[in-house]
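Text of query-v2.cif, listed as mmCIF, C-alpha atoms:
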data_entry
loop_
_atom_site.group_PDB
_atom_site.id
_atom_site.type_symbol
_atom_site.label_atom_id
_atom_site.label_comp_id
_atom_site.auth_asym_id
_atom_site.auth_seq_id
_atom_site.Cartn_x
_atom_site.Cartn_y
_atom_site.Cartn_z
ATOM 1 C CA MET S 272 -7.835 1.997 -25.340
ATOM 2 C CA ILE S 273 -8.951 3.732 -22.167
ATOM 3 C CA ASN S 274 -11.708 6.227 -22.917
ATOM 4 C CA LYS S 275 -13.060 6.534 -19.431
ATOM 5 C CA ALA S 276 -11.248 5.916 -16.169
ATOM 6 C CA VAL S 277 -11.974 6.455 -12.519
ATOM 7 C CA ILE S 278 -9.619 6.697 -9.565
ATOM 8 C CA ILE S 279 -10.900 5.823 -6.111
ATOM 9 C CA PRO S 280 -8.659 6.913 -3.239
ATOM 10 C CA THR S 281 -9.432 5.154 0.044
ATOM 11 C CA GLY S 282 -8.575 5.907 3.633
ATOM 12 C CA ASN S 283 -9.942 7.918 6.493
ATOM 13 C CA GLU S 284 -6.659 9.848 6.708
ATOM 14 C CA VAL S 285 -7.060 10.927 3.080
ATOM 15 C CA LEU S 286 -10.717 11.798 3.505
ATOM 16 C CA ASN S 287 -10.116 13.964 6.573
ATOM 17 C CA GLY S 288 -7.084 15.718 5.078
ATOM 18 C CA VAL S 289 -4.446 14.412 7.478
ATOM 19 C CA VAL S 290 -2.735 13.062 4.375
ATOM 20 C CA THR S 291 -2.875 14.911 1.064
ATOM 21 C CA ASP S 292 -3.692 12.616 -1.831
ATOM 22 C CA THR S 293 -0.717 12.961 -4.164
ATOM 23 C CA ASN S 294 -1.272 9.534 -5.728
ATOM 24 C CA SER S 295 -4.401 10.439 -7.682
ATOM 25 C CA PRO S 296 -2.868 13.436 -9.519
ATOM 26 C CA ALA S 297 0.200 11.358 -10.405
ATOM 27 C CA ILE S 298 -1.947 8.526 -11.754
ATOM 28 C CA ILE S 299 -4.068 10.991 -13.719
ATOM 29 C CA GLN S 300 -0.869 12.321 -15.263
ATOM 30 C CA ILE S 301 0.224 8.806 -16.277
ATOM 31 C CA LEU S 302 -3.180 8.167 -17.885
ATOM 32 C CA LEU S 303 -3.112 11.477 -19.767
ATOM 33 C CA GLU S 304 0.412 10.879 -21.019
ATOM 34 C CA ASN S 305 -0.826 7.683 -22.639
ATOM 35 C CA TYR S 306 -4.457 8.499 -23.426
ATOM 36 C CA PRO S 307 -4.791 12.269 -23.949
ATOM 37 C CA ALA S 308 -8.500 12.043 -24.759
ATOM 38 C CA CYS S 309 -9.356 9.928 -21.738
ATOM 39 C CA GLN S 310 -12.116 11.174 -19.450
ATOM 40 C CA ILE S 311 -10.795 10.726 -15.928
ATOM 41 C CA THR S 312 -12.688 11.109 -12.686
ATOM 42 C CA ARG S 313 -11.087 11.218 -9.265
ATOM 43 C CA LEU S 314 -13.773 10.363 -6.723
ATOM 44 C CA LYS S 315 -14.133 11.684 -3.202
ATOM 45 C CA PRO S 316 -11.991 9.471 -0.946
ATOM 46 C CA VAL S 317 -13.856 6.482 0.412
ATOM 47 C CA MET S 318 -13.710 5.579 4.091
ATOM 48 C CA ASP S 319 -12.084 2.339 5.164
ATOM 49 C CA LYS S 320 -15.329 0.412 5.151
ATOM 50 C CA GLU S 321 -15.707 -2.674 3.012
ATOM 51 C CA ASN S 322 -19.343 -2.146 2.068
ATOM 52 C CA GLU S 323 -18.753 1.467 1.027
ATOM 53 C CA ILE S 324 -15.906 0.391 -1.224
ATOM 54 C CA VAL S 325 -18.062 -2.347 -2.764
ATOM 55 C CA GLU S 326 -20.872 0.134 -3.439
ATOM 56 C CA ILE S 327 -18.610 2.668 -5.094
ATOM 57 C CA ILE S 328 -16.955 0.013 -7.290
ATOM 58 C CA ASP S 329 -20.394 -1.123 -8.439
ATOM 59 C CA LYS S 330 -21.382 2.443 -9.287
ATOM 60 C CA CYS S 331 -18.197 2.916 -11.317
ATOM 61 C CA VAL S 332 -18.836 -0.319 -13.215
ATOM 62 C CA ASN S 333 -22.390 0.799 -13.989
ATOM 63 C CA ASP S 334 -20.959 4.092 -15.270
ATOM 64 C CA ALA S 335 -19.095 2.048 -17.907
ATOM 65 C CA ASN S 336 -15.569 3.017 -16.931
ATOM 66 C CA ASP S 337 -12.898 1.141 -18.883
ATOM 67 C CA LEU S 338 -10.493 1.252 -15.961
ATOM 68 C CA ILE S 339 -11.148 1.510 -12.230
ATOM 69 C CA ILE S 340 -8.107 2.032 -10.005
ATOM 70 C CA ILE S 341 -8.517 1.786 -6.239
ATOM 71 C CA ILE S 342 -5.726 3.341 -4.183
ATOM 72 C CA GLY S 343 -4.675 2.189 -0.724
ATOM 73 C CA GLY S 344 -6.090 -0.295 1.752
ATOM 74 C CA SER S 345 -4.174 -3.178 0.239
ATOM 75 C CA GLY S 346 -2.261 -4.464 3.265
ATOM 76 C CA GLY S 347 -3.023 -5.907 6.672
ATOM 77 C CA GLY S 348 -1.033 -3.745 9.063
ATOM 78 C CA HIS S 349 -3.936 -2.460 11.119
ATOM 79 C CA ARG S 350 -4.268 -5.825 12.753
ATOM 80 C CA HIS S 351 -0.959 -5.238 14.543
ATOM 81 C CA SER S 352 -0.937 -1.500 15.080
ATOM 82 C CA ALA S 353 -4.017 0.455 16.043
ATOM 83 C CA SER S 354 -2.690 3.582 14.343
ATOM 84 C CA LEU S 355 -2.462 1.962 10.927
ATOM 85 C CA SER S 356 -5.435 2.278 8.613
ATOM 86 C CA GLU S 357 -7.785 -0.611 8.175
ATOM 87 C CA ASP S 358 -7.303 -2.283 4.822
ATOM 88 C CA TYR S 359 -10.421 -3.314 3.010
ATOM 89 C CA SER S 360 -9.845 -2.556 -0.656
ATOM 90 C CA HIS S 361 -8.741 -6.088 -1.493
ATOM 91 C CA SER S 362 -11.481 -7.778 0.499
ATOM 92 C CA ALA S 363 -14.106 -5.464 -1.028
ATOM 93 C CA MET S 364 -12.873 -6.368 -4.492
ATOM 94 C CA LEU S 365 -12.992 -10.090 -3.707
ATOM 95 C CA LYS S 366 -16.503 -9.631 -2.426
ATOM 96 C CA TYR S 367 -17.549 -7.816 -5.579
ATOM 97 C CA LEU S 368 -15.735 -9.789 -8.266
ATOM 98 C CA SER S 369 -16.779 -13.323 -9.124
ATOM 99 C CA ASP S 370 -13.791 -13.844 -11.414
ATOM 100 C CA TYR S 371 -10.488 -12.353 -10.360
ATOM 101 C CA SER S 372 -6.740 -12.780 -10.066
ATOM 102 C CA ALA S 373 -4.981 -11.959 -6.800
ATOM 103 C CA ILE S 374 -1.403 -11.861 -5.589
ATOM 104 C CA GLU S 375 -0.498 -11.493 -1.932
ATOM 105 C CA ILE S 376 2.871 -9.936 -1.112
ATOM 106 C CA TYR S 377 4.203 -10.829 2.337
ATOM 107 C CA GLY S 378 7.155 -9.594 4.297
ATOM 108 C CA LYS S 379 9.522 -12.110 5.831
ATOM 109 C CA ASN S 380 7.840 -11.374 9.169
ATOM 110 C CA GLY S 381 4.574 -12.875 7.969
ATOM 111 C CA HIS S 382 2.724 -9.603 7.528
ATOM 112 C CA LEU S 383 0.627 -9.033 4.457
ATOM 113 C CA TRP S 384 2.220 -5.977 2.853
ATOM 114 C CA SER S 385 -0.061 -5.758 -0.105
ATOM 115 C CA LYS S 386 -2.697 -7.780 -1.896
ATOM 116 C CA ILE S 387 -3.240 -6.904 -5.514
ATOM 117 C CA VAL S 388 -6.560 -7.942 -7.010
ATOM 118 C CA CYS S 389 -7.616 -7.588 -10.614
ATOM 119 C CA GLY S 390 -10.847 -8.562 -12.299
ATOM 120 C CA LYS S 391 -13.227 -7.594 -15.018
ATOM 121 C CA LYS S 392 -16.900 -6.823 -14.704
ATOM 122 C CA ASN S 393 -18.936 -5.793 -17.748
ATOM 123 C CA SER S 394 -16.608 -3.457 -19.658
ATOM 124 C CA SER S 395 -14.566 -2.407 -16.620
ATOM 125 C CA MET S 396 -11.108 -3.600 -15.635
ATOM 126 C CA ILE S 397 -10.798 -3.176 -11.867
ATOM 127 C CA ILE S 398 -7.462 -3.201 -10.051
ATOM 128 C CA ASN S 399 -5.973 -1.824 -6.836
ATOM 129 C CA VAL S 400 -2.597 -0.276 -6.017
ATOM 130 C CA PRO S 401 -0.929 0.189 -2.603
ATOM 131 C CA GLY S 402 -1.017 3.488 -0.714
ATOM 132 C CA PRO S 403 2.703 4.364 -0.568
ATOM 133 C CA TYR S 404 3.418 6.770 -3.428
ATOM 134 C CA VAL S 405 6.387 5.064 -5.078
ATOM 135 C CA GLU S 406 4.714 1.661 -5.246
ATOM 136 C CA ALA S 407 1.341 3.137 -6.258
ATOM 137 C CA ILE S 408 2.821 5.007 -9.191
ATOM 138 C CA ALA S 409 4.985 2.076 -10.301
ATOM 139 C CA ALA S 410 1.932 -0.184 -10.298
ATOM 140 C CA ALA S 411 -0.236 2.368 -12.118
ATOM 141 C CA ARG S 412 2.400 2.833 -14.805
ATOM 142 C CA THR S 413 2.520 -0.925 -15.334
ATOM 143 C CA ILE S 414 -1.260 -1.200 -15.460
ATOM 144 C CA VAL S 415 -1.406 1.392 -18.228
ATOM 145 C CA GLU S 416 1.363 -0.427 -20.123
ATOM 146 C CA CYS S 417 -0.638 -3.656 -19.839
ATOM 147 C CA PHE S 418 -3.687 -1.857 -21.201
ATOM 148 C CA LYS S 419 -1.692 -0.774 -24.226
ATOM 149 C CA SER S 420 -0.667 -4.361 -25.008
ATOM 150 C CA ASP S 421 -2.865 -6.836 -26.849
ATOM 151 C CA ASN S 422 -3.098 -9.239 -23.946
ATOM 152 C CA LYS S 423 -5.574 -7.876 -21.416
ATOM 153 C CA ASP S 424 -5.639 -10.976 -19.260
ATOM 154 C CA LYS S 425 -6.345 -10.167 -15.605
ATOM 155 C CA ASN S 426 -3.578 -12.534 -14.499
ATOM 156 C CA ILE S 427 -1.037 -10.564 -16.514
ATOM 157 C CA PHE S 428 -2.256 -7.262 -15.029
ATOM 158 C CA CYS S 429 -1.952 -8.675 -11.547
ATOM 159 C CA GLU S 430 1.472 -10.257 -12.061
ATOM 160 C CA LYS S 431 2.964 -7.188 -13.703
ATOM 161 C CA ALA S 432 1.581 -4.848 -11.042
ATOM 162 C CA ALA S 433 2.957 -7.089 -8.270
ATOM 163 C CA GLU S 434 6.359 -7.217 -9.998
ATOM 164 C CA ALA S 435 6.427 -3.433 -10.248
ATOM 165 C CA ILE S 436 5.576 -3.084 -6.559
ATOM 166 C CA ILE S 437 8.154 -5.623 -5.396
ATOM 167 C CA SER S 438 10.891 -4.088 -7.537
ATOM 168 C CA ASN S 439 10.383 -0.838 -5.655
ATOM 169 C CA TYR S 440 10.826 -2.274 -2.187
ATOM 170 C CA PRO S 441 14.046 -0.740 -0.976
ATOM 171 C CA SER S 442 16.958 -3.122 -0.582
ATOM 172 C CA SER S 443 20.653 -2.540 -1.014
ATOM 173 C CA GLU S 444 21.383 -6.252 -1.343
ATOM 174 C CA GLY S 445 18.776 -7.094 -3.954
ATOM 175 C CA ILE S 446 15.410 -8.584 -3.230
ATOM 176 C CA LYS S 447 14.950 -12.282 -2.586
ATOM 177 C CA CYS S 448 11.432 -13.461 -3.415
ATOM 178 C CA VAL S 449 9.909 -16.868 -2.812
ATOM 179 C CA LYS S 450 6.572 -18.034 -4.162
ATOM 180 C CA MET S 451 4.311 -19.550 -1.551
ATOM 181 C CA MET D 7 -6.657 -17.438 -8.571
ATOM 182 C CA ASP D 8 -4.725 -16.479 -5.428
ATOM 183 C CA THR D 9 -0.957 -16.675 -5.238
ATOM 184 C CA GLY D 10 1.511 -15.440 -2.658
ATOM 185 C CA ILE D 11 5.030 -14.071 -2.744
ATOM 186 C CA ILE D 12 7.334 -13.640 0.247
ATOM 187 C CA VAL D 13 9.735 -10.730 -0.035
ATOM 188 C CA TYR D 14 12.871 -11.070 2.093
ATOM 189 C CA VAL D 15 13.927 -7.538 2.950
ATOM 190 C CA ASP D 16 15.198 -6.225 6.306
ATOM 191 C CA LYS D 17 13.347 -3.312 7.787
ATOM 192 C CA THR D 18 12.584 -1.683 11.096
ATOM 193 C CA VAL D 19 9.099 -0.434 11.889
ATOM 194 C CA VAL D 20 9.270 2.969 13.575
ATOM 195 C CA LYS D 21 6.535 4.900 15.330
ATOM 196 C CA VAL D 22 6.861 8.613 16.041
ATOM 197 C CA ARG D 23 4.523 10.355 18.481
ATOM 198 C CA GLY D 24 4.138 13.868 19.803
ATOM 199 C CA LEU D 25 3.120 15.740 16.694
ATOM 200 C CA LYS D 26 0.106 17.095 14.896
ATOM 201 C CA VAL D 27 -0.450 16.138 11.286
ATOM 202 C CA MET D 28 -2.629 17.833 8.699
ATOM 203 C CA GLY D 29 -2.053 17.985 4.954
ATOM 204 C CA LEU D 30 1.030 15.779 4.967
ATOM 205 C CA LYS D 31 2.450 14.550 1.668
ATOM 206 C CA PRO D 32 4.032 11.266 2.790
ATOM 207 C CA TYR D 33 6.411 11.127 -0.161
ATOM 208 C CA GLU D 34 7.964 14.448 0.914
ATOM 209 C CA LEU D 35 8.462 13.148 4.432
ATOM 210 C CA GLU D 36 10.103 9.982 3.099
ATOM 211 C CA LYS D 37 12.577 12.086 1.121
ATOM 212 C CA LYS D 38 13.450 14.308 4.100
ATOM 213 C CA VAL D 39 14.117 11.367 6.430
ATOM 214 C CA GLU D 40 16.045 9.527 3.711
ATOM 215 C CA GLU D 41 18.359 12.544 3.345
ATOM 216 C CA VAL D 42 19.241 12.311 7.044
ATOM 217 C CA ILE D 43 19.838 8.565 7.395
ATOM 218 C CA ASP D 44 20.787 7.667 3.827
ATOM 219 C CA LYS D 45 18.388 4.707 3.907
ATOM 220 C CA ARG D 46 15.081 4.127 2.182
ATOM 221 C CA VAL D 47 11.909 4.987 4.048
ATOM 222 C CA ARG D 48 8.233 4.258 3.500
ATOM 223 C CA ILE D 49 5.443 5.945 5.405
ATOM 224 C CA ILE D 50 2.959 3.193 6.196
ATOM 225 C CA GLY D 51 0.539 4.899 8.557
ATOM 226 C CA VAL D 52 -0.460 8.424 9.484
ATOM 227 C CA THR D 53 -2.936 9.659 12.054
ATOM 228 C CA GLY D 54 -3.427 13.178 13.339
ATOM 229 C CA GLU D 55 -1.000 12.420 16.193
ATOM 230 C CA SER D 56 1.464 9.785 15.015
ATOM 231 C CA ILE D 57 3.417 8.480 12.064
ATOM 232 C CA ASP D 58 4.439 4.891 11.327
ATOM 233 C CA MET D 59 7.243 4.268 8.902
ATOM 234 C CA ASP D 60 9.346 1.404 7.622
ATOM 235 C CA ILE D 61 13.061 2.122 7.551
ATOM 236 C CA TYR D 62 15.003 -0.307 5.399
ATOM 237 C CA GLY D 63 18.457 -1.594 6.248
ATOM 238 C CA LEU D 64 18.895 0.164 9.592
ATOM 239 C CA GLU D 65 18.686 -1.520 12.993
ATOM 240 C CA GLU D 66 16.900 -0.203 16.055
ATOM 241 C CA GLU D 67 20.065 1.053 17.799
ATOM 242 C CA SER D 68 21.123 3.047 14.739
ATOM 243 C CA ILE D 69 17.670 4.555 14.465
ATOM 244 C CA PHE D 70 17.739 5.741 18.067
ATOM 245 C CA LYS D 71 21.290 7.056 17.531
ATOM 246 C CA ASN D 72 19.906 9.132 14.666
ATOM 247 C CA GLU D 73 16.791 10.172 16.598
ATOM 248 C CA THR D 74 17.686 13.867 16.750
ATOM 249 C CA GLY D 75 18.222 14.075 12.992
ATOM 250 C CA ILE D 76 15.127 12.055 12.197
ATOM 251 C CA ILE D 77 12.962 14.191 14.488
ATOM 252 C CA LYS D 78 14.408 17.373 12.977
ATOM 253 C CA ALA D 79 13.615 16.132 9.458
ATOM 254 C CA ILE D 80 10.068 15.227 10.488
ATOM 255 C CA SER D 81 9.587 18.579 12.226
ATOM 256 C CA MET D 82 10.628 20.491 9.121
ATOM 257 C CA THR D 83 8.176 18.703 6.838
ATOM 258 C CA GLU D 84 5.139 20.608 5.629
ATOM 259 C CA GLY D 85 1.976 19.269 7.204
ATOM 260 C CA ILE D 86 3.613 18.404 10.518
ATOM 261 C CA THR D 87 3.628 20.457 13.694
ATOM 262 C CA ALA D 88 6.088 19.058 16.214
ATOM 263 C CA LEU D 89 5.115 19.254 19.866
ATOM 264 C CA ASP D 90 7.584 19.441 22.766
ATOM 265 C CA ILE D 91 7.003 15.750 23.436
ATOM 266 C CA ILE D 92 7.875 14.538 19.939
ATOM 267 C CA LYS D 93 9.964 11.344 20.044
ATOM 268 C CA ILE D 94 10.539 7.971 18.465
ATOM 269 C CA ASP D 95 8.076 5.925 20.457
ATOM 270 C CA SER D 96 9.238 2.553 19.182
ATOM 271 C CA ALA D 97 11.561 0.962 16.657
ATOM 272 C CA GLU D 98 11.166 -2.753 16.048
ATOM 273 C CA GLN D 99 13.211 -4.692 13.556
ATOM 274 C CA ILE D 100 11.089 -7.316 11.825
ATOM 275 C CA ILE D 101 11.744 -10.943 12.671
ATOM 276 C CA GLU D 102 11.771 -13.657 10.032
ATOM 277 C CA ILE D 103 9.193 -16.365 10.468
ATOM 278 C CA ASP D 104 9.065 -19.931 9.214
ATOM 279 C CA TYR D 105 6.463 -19.981 6.486
ATOM 280 C CA GLU D 106 6.623 -23.784 6.320
ATOM 281 C CA ASN D 107 4.995 -23.972 9.733
ATOM 282 C CA MET D 108 2.485 -21.238 9.126
ATOM 283 C CA PRO D 109 -1.011 -22.284 10.175
ATOM 284 C CA LYS D 110 -3.205 -22.878 7.151
ATOM 285 C CA GLY D 111 -6.850 -21.914 6.944
ATOM 286 C CA GLU D 112 -9.537 -20.200 4.994
ATOM 287 C CA TYR D 113 -8.302 -16.757 5.975
ATOM 288 C CA LYS D 114 -5.984 -15.130 3.440
ATOM 289 C CA GLY D 115 -4.048 -12.516 5.328
ATOM 290 C CA CYS D 116 -1.303 -11.986 7.819
ATOM 291 C CA ALA D 117 0.473 -15.116 8.975
ATOM 292 C CA ARG D 118 0.954 -13.556 12.394
ATOM 293 C CA GLU D 119 -2.777 -13.186 12.683
ATOM 294 C CA ARG D 120 -3.205 -16.887 12.089
ATOM 295 C CA TRP D 121 -0.884 -17.654 14.997
ATOM 296 C CA LEU D 122 -2.945 -15.380 17.126
ATOM 297 C CA ASN D 123 -5.847 -17.694 16.318
ATOM 298 C CA ILE D 124 -8.029 -14.961 14.974
ATOM 299 C CA ASP D 125 -8.644 -17.192 11.985
ATOM 300 C CA LYS D 126 -10.888 -19.915 13.358
#

The structure in this file should be written as structure tokens.
Amino acid sequence: MINKAVIIPTGNEVLNGVVTDTNSPAIIQILLENYPACQITRLKPVMDKENEIVEIIDKCVNDANDLIIIIGGSGGGHRHSASLSEDYSHSAMLKYLSDYSAIEIYGKNGHLWSKIVCGKKNSSMIINVPGPYVEAIAAARTIVECFKSDNKDKNIFCEKAAEAIISNYPSSEGIKCVKM
Amino acid sequence: MDTGIIVYVDKTVVKVRGLKVMGLKPYELEKKVEEVIDKRVRIIGVTGESIDMDIYGLEEESIFKNETGIIKAISMTEGITALDIIKIDSAEQIIEIDYENMPKGEYKGCARERWLNIDK
């Protein structure tokens, strides 16, 4: 059961309005479809700064949210292109969580496309989703499905979310995946 | 627990410059460009002046051949104001690397970054 959830969009481009946050409303809709009585908060977008993300996660945990979803900042692209956002959601989560599960999704070119991290602190399940809309929504839908099942193991959340993301990568020839 | 998965999909990373962006819904832009080139698109980076996107299953030459259509689709998307200088600045098809020879280290991130010796 999710009684209280919080969505944390990240990214300077979201904060300054260059990009309109369409992910949060879609995720809110998914939550409401499954938990009509859920109290959902969408926070002000957080800048791409690791410490700020850590602080806001801690506040959300102290507010006893059942589910904390962090949007965006899950890749590593900024290291190769100055115009890409800096990605700190995953590293902030690793910094904050002492017990977590993480799956890194790489392209064949060696770039980190997305790192999904999931962990529990007090009563809060904390997990991130990528910024691109299709993958974000697919992951969020899977996270909610996991919540509805009996097994709330963080490894399962992480694996299922990663599967949902990978299955949405566009490919006409099918997707070949190899575990590292 | 950290695990990694390599996804083998062909894509070309495209950068478009010469525009002003405010209030863009990236999903709408993806749809508009997809209608023109009949390939899947993901917007991966947006600033006030440029857009980075992954185009799947289309090589650089084909992207430049379709430049007029792509630019028109971008220009007609809400949240984008095209300037006279709008153009595809770069299109780079990704190159497969050999993960077996990837430098190992404490850093968990881009393999390419490890080769650049940022992880020391």

Report task. Taking (-1.3, -14.0, -16.0) in the file's own coordinates, collect the residues within 12 Å, counting only C-alpha atoms, and hand them back as a PyMOL selection string. Result -> (chain S and resi 371-374+389-390+417+422-434) or (chain D and resi 7-9)

Report task. Excluding region 394-411 of chain S and any residue of its chain fewer than 6 positions from it, enumerate the residues within 8 Å of it, using all atoms listed in the file, and give them as a PyMOL selection string. Result -> (chain S and resi 293-294+297-298+301+332+335-346+360-361+385+387-388+429+431-433+435-436+439-440) or (chain D and resi 32-33+48-50)

Report task. Grab the CA of Glu73 (chain D) to CA of Leu30 (chain D) distance for me, in Å with one decimal place. Result -> 20.4 Å

Requested in this report: Compile the contact shell of Leu64 (chain D) as number ranges by chain: residues with an atom at most 7 Å away, counting all atoms listed in the file, same-chain residues fewer than 5 positions apart removed.
Outcome: D: 17-18, 69

Query - Proximity to Glu102 (chain D) - best of S:Asn322, S:Ser369, S:Asn333, S:Asn380, all atoms listed in the file - result: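 Among S:Asn322, S:Ser369, S:Asn333, S:Asn380, it is S:Asn380 that comes nearest to Glu102 (chain D).
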
Tell me, counting only C-alpha atoms, for each residue of chain D within 10 Å of chain S, which pair of atoms is nearest and how far apart they are in Å to one decimal, in rows ordered by chain and increasing number, as a tab-separated table.
residue	atom	partner	partner_atom	distance
D:Met7	CA	S:Ser372	CA	4.9
D:Asp8	CA	S:Ala373	CA	4.7
D:Thr9	CA	S:Ile374	CA	4.8
D:Gly10	CA	S:Glu375	CA	4.5
D:Ile11	CA	S:Lys450	CA	4.5
D:Ile12	CA	S:Tyr377	CA	4.7
D:Val13	CA	S:Cys448	CA	4.7
D:Tyr14	CA	S:Lys379	CA	5.1
D:Val15	CA	S:Ser442	CA	6.4
D:Asp16	CA	S:Ser442	CA	7.8
D:Lys17	CA	S:Ser442	CA	9.1
D:Lys21	CA	S:Ser354	CA	9.4
D:Lys26	CA	S:Val289	CA	9.1
D:Val27	CA	S:Val289	CA	5.8
D:Met28	CA	S:Val289	CA	4.1
D:Gly29	CA	S:Val289	CA	5.0
D:Leu30	CA	S:Val290	CA	4.7
D:Lys31	CA	S:Thr291	CA	5.4
D:Pro32	CA	S:Val290	CA	7.2
D:Tyr33	CA	S:Tyr404	CA	6.2
D:Glu34	CA	S:Tyr404	CA	9.9
D:Glu36	CA	S:Tyr404	CA	9.9
D:Lys45	CA	S:Pro441	CA	8.5
D:Arg46	CA	S:Pro441	CA	5.9
D:Val47	CA	S:Pro441	CA	7.9
D:Arg48	CA	S:Pro403	CA	6.9
D:Ile49	CA	S:Pro403	CA	6.8
D:Ile50	CA	S:Pro403	CA	6.9
D:Gly51	CA	S:Leu355	CA	4.8
D:Val52	CA	S:Leu355	CA	6.9
D:Thr53	CA	S:Ser354	CA	6.5
D:Gly54	CA	S:Val289	CA	6.1
D:Glu55	CA	S:Ser354	CA	9.2
D:Ser56	CA	S:Ser354	CA	7.5
D:Ile57	CA	S:Ser354	CA	8.2
D:Asp58	CA	S:Leu355	CA	7.5
D:Ile61	CA	S:Pro441	CA	9.0
D:Tyr62	CA	S:Pro441	CA	6.5
D:Gly63	CA	S:Ser442	CA	7.2
D:Gly85	CA	S:Val289	CA	8.1
D:Ile86	CA	S:Val289	CA	9.5
D:Gln99	CA	S:Asn380	CA	9.6
D:Ile100	CA	S:Asn380	CA	5.8
D:Ile101	CA	S:Asn380	CA	5.3
D:Glu102	CA	S:Asn380	CA	4.6
D:Ile103	CA	S:Asn380	CA	5.3
D:Asp104	CA	S:Gly381	CA	8.5
D:Tyr105	CA	S:Gly381	CA	7.5
D:Glu106	CA	S:Met451	CA	9.2
D:Met108	CA	S:Gly381	CA	8.7
D:Lys114	CA	S:Glu375	CA	8.5
D:Gly115	CA	S:Leu383	CA	5.9
D:Cys116	CA	S:His382	CA	4.7
D:Ala117	CA	S:Gly381	CA	4.8
D:Arg118	CA	S:Gly381	CA	5.8
D:Glu119	CA	S:Arg350	CA	7.5
D:Arg120	CA	S:Gly381	CA	9.7

Could you dump the residues just selected with C-alpha atoms as a short mmCIF file (atom, residue, chain, number, x, y, z; two decimals), in the coordinates of the input?
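The file below, selection_4.cif, is the result:
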data_model
loop_
_atom_site.label_atom_id
_atom_site.label_comp_id
_atom_site.auth_asym_id
_atom_site.auth_seq_id
_atom_site.Cartn_x
_atom_site.Cartn_y
_atom_site.Cartn_z
CA MET D 7 -6.66 -17.44 -8.57
CA ASP D 8 -4.72 -16.48 -5.43
CA THR D 9 -0.96 -16.68 -5.24
CA GLY D 10 1.51 -15.44 -2.66
CA ILE D 11 5.03 -14.07 -2.74
CA ILE D 12 7.33 -13.64 0.25
CA VAL D 13 9.74 -10.73 -0.04
CA TYR D 14 12.87 -11.07 2.09
CA VAL D 15 13.93 -7.54 2.95
CA ASP D 16 15.20 -6.22 6.31
CA LYS D 17 13.35 -3.31 7.79
CA LYS D 21 6.54 4.90 15.33
CA LYS D 26 0.11 17.10 14.90
CA VAL D 27 -0.45 16.14 11.29
CA MET D 28 -2.63 17.83 8.70
CA GLY D 29 -2.05 17.98 4.95
CA LEU D 30 1.03 15.78 4.97
CA LYS D 31 2.45 14.55 1.67
CA PRO D 32 4.03 11.27 2.79
CA TYR D 33 6.41 11.13 -0.16
CA GLU D 34 7.96 14.45 0.91
CA GLU D 36 10.10 9.98 3.10
CA LYS D 45 18.39 4.71 3.91
CA ARG D 46 15.08 4.13 2.18
CA VAL D 47 11.91 4.99 4.05
CA ARG D 48 8.23 4.26 3.50
CA ILE D 49 5.44 5.94 5.40
CA ILE D 50 2.96 3.19 6.20
CA GLY D 51 0.54 4.90 8.56
CA VAL D 52 -0.46 8.42 9.48
CA THR D 53 -2.94 9.66 12.05
CA GLY D 54 -3.43 13.18 13.34
CA GLU D 55 -1.00 12.42 16.19
CA SER D 56 1.46 9.78 15.02
CA ILE D 57 3.42 8.48 12.06
CA ASP D 58 4.44 4.89 11.33
CA ILE D 61 13.06 2.12 7.55
CA TYR D 62 15.00 -0.31 5.40
CA GLY D 63 18.46 -1.59 6.25
CA GLY D 85 1.98 19.27 7.20
CA ILE D 86 3.61 18.40 10.52
CA GLN D 99 13.21 -4.69 13.56
CA ILE D 100 11.09 -7.32 11.82
CA ILE D 101 11.74 -10.94 12.67
CA GLU D 102 11.77 -13.66 10.03
CA ILE D 103 9.19 -16.36 10.47
CA ASP D 104 9.06 -19.93 9.21
CA TYR D 105 6.46 -19.98 6.49
CA GLU D 106 6.62 -23.78 6.32
CA MET D 108 2.48 -21.24 9.13
CA LYS D 114 -5.98 -15.13 3.44
CA GLY D 115 -4.05 -12.52 5.33
CA CYS D 116 -1.30 -11.99 7.82
CA ALA D 117 0.47 -15.12 8.98
CA ARG D 118 0.95 -13.56 12.39
CA GLU D 119 -2.78 -13.19 12.68
CA ARG D 120 -3.20 -16.89 12.09
#

Requested in this report: Record the distance separating CA of Ile43 (chain D) and CA of Pro296 (chain S), expressed in Å with one decimal.
Outcome: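 For CA of Ile43 (chain D) relative to CA of Pro296 (chain S), the distance reads 28.7 Å.
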
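One finds CA of Met59 (chain D) at 25.6 Å from CA of Ile324 (chain S).
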
Query raised in the report: Do you know which residues are at most 8 Å from region 307-318 of chain S counting all atoms listed in the file, after dropping those on the same chain fewer than 6 positions away, and could you put them as a VMD selection string?
Result: chain S and resid 273 to 283 285 to 286 295 299 324

Requested in this report: Evaluate the PyMOL selection byres ((chain D and resi 89) around 9) on the structure here and hand back the selected residues as a count of residues only.
Outcome: 9

Provide an axis-aligned box for all listed atoms of region 399-402 of chain S, padding each side by 5 Å; report its centre and its edge lengths in Å to one decimal, as AutoDock Vina command-line options.
--center_x -3.5 --center_y 0.8 --center_z -3.8 --size_x 15.0 --size_y 15.3 --size_z 16.1
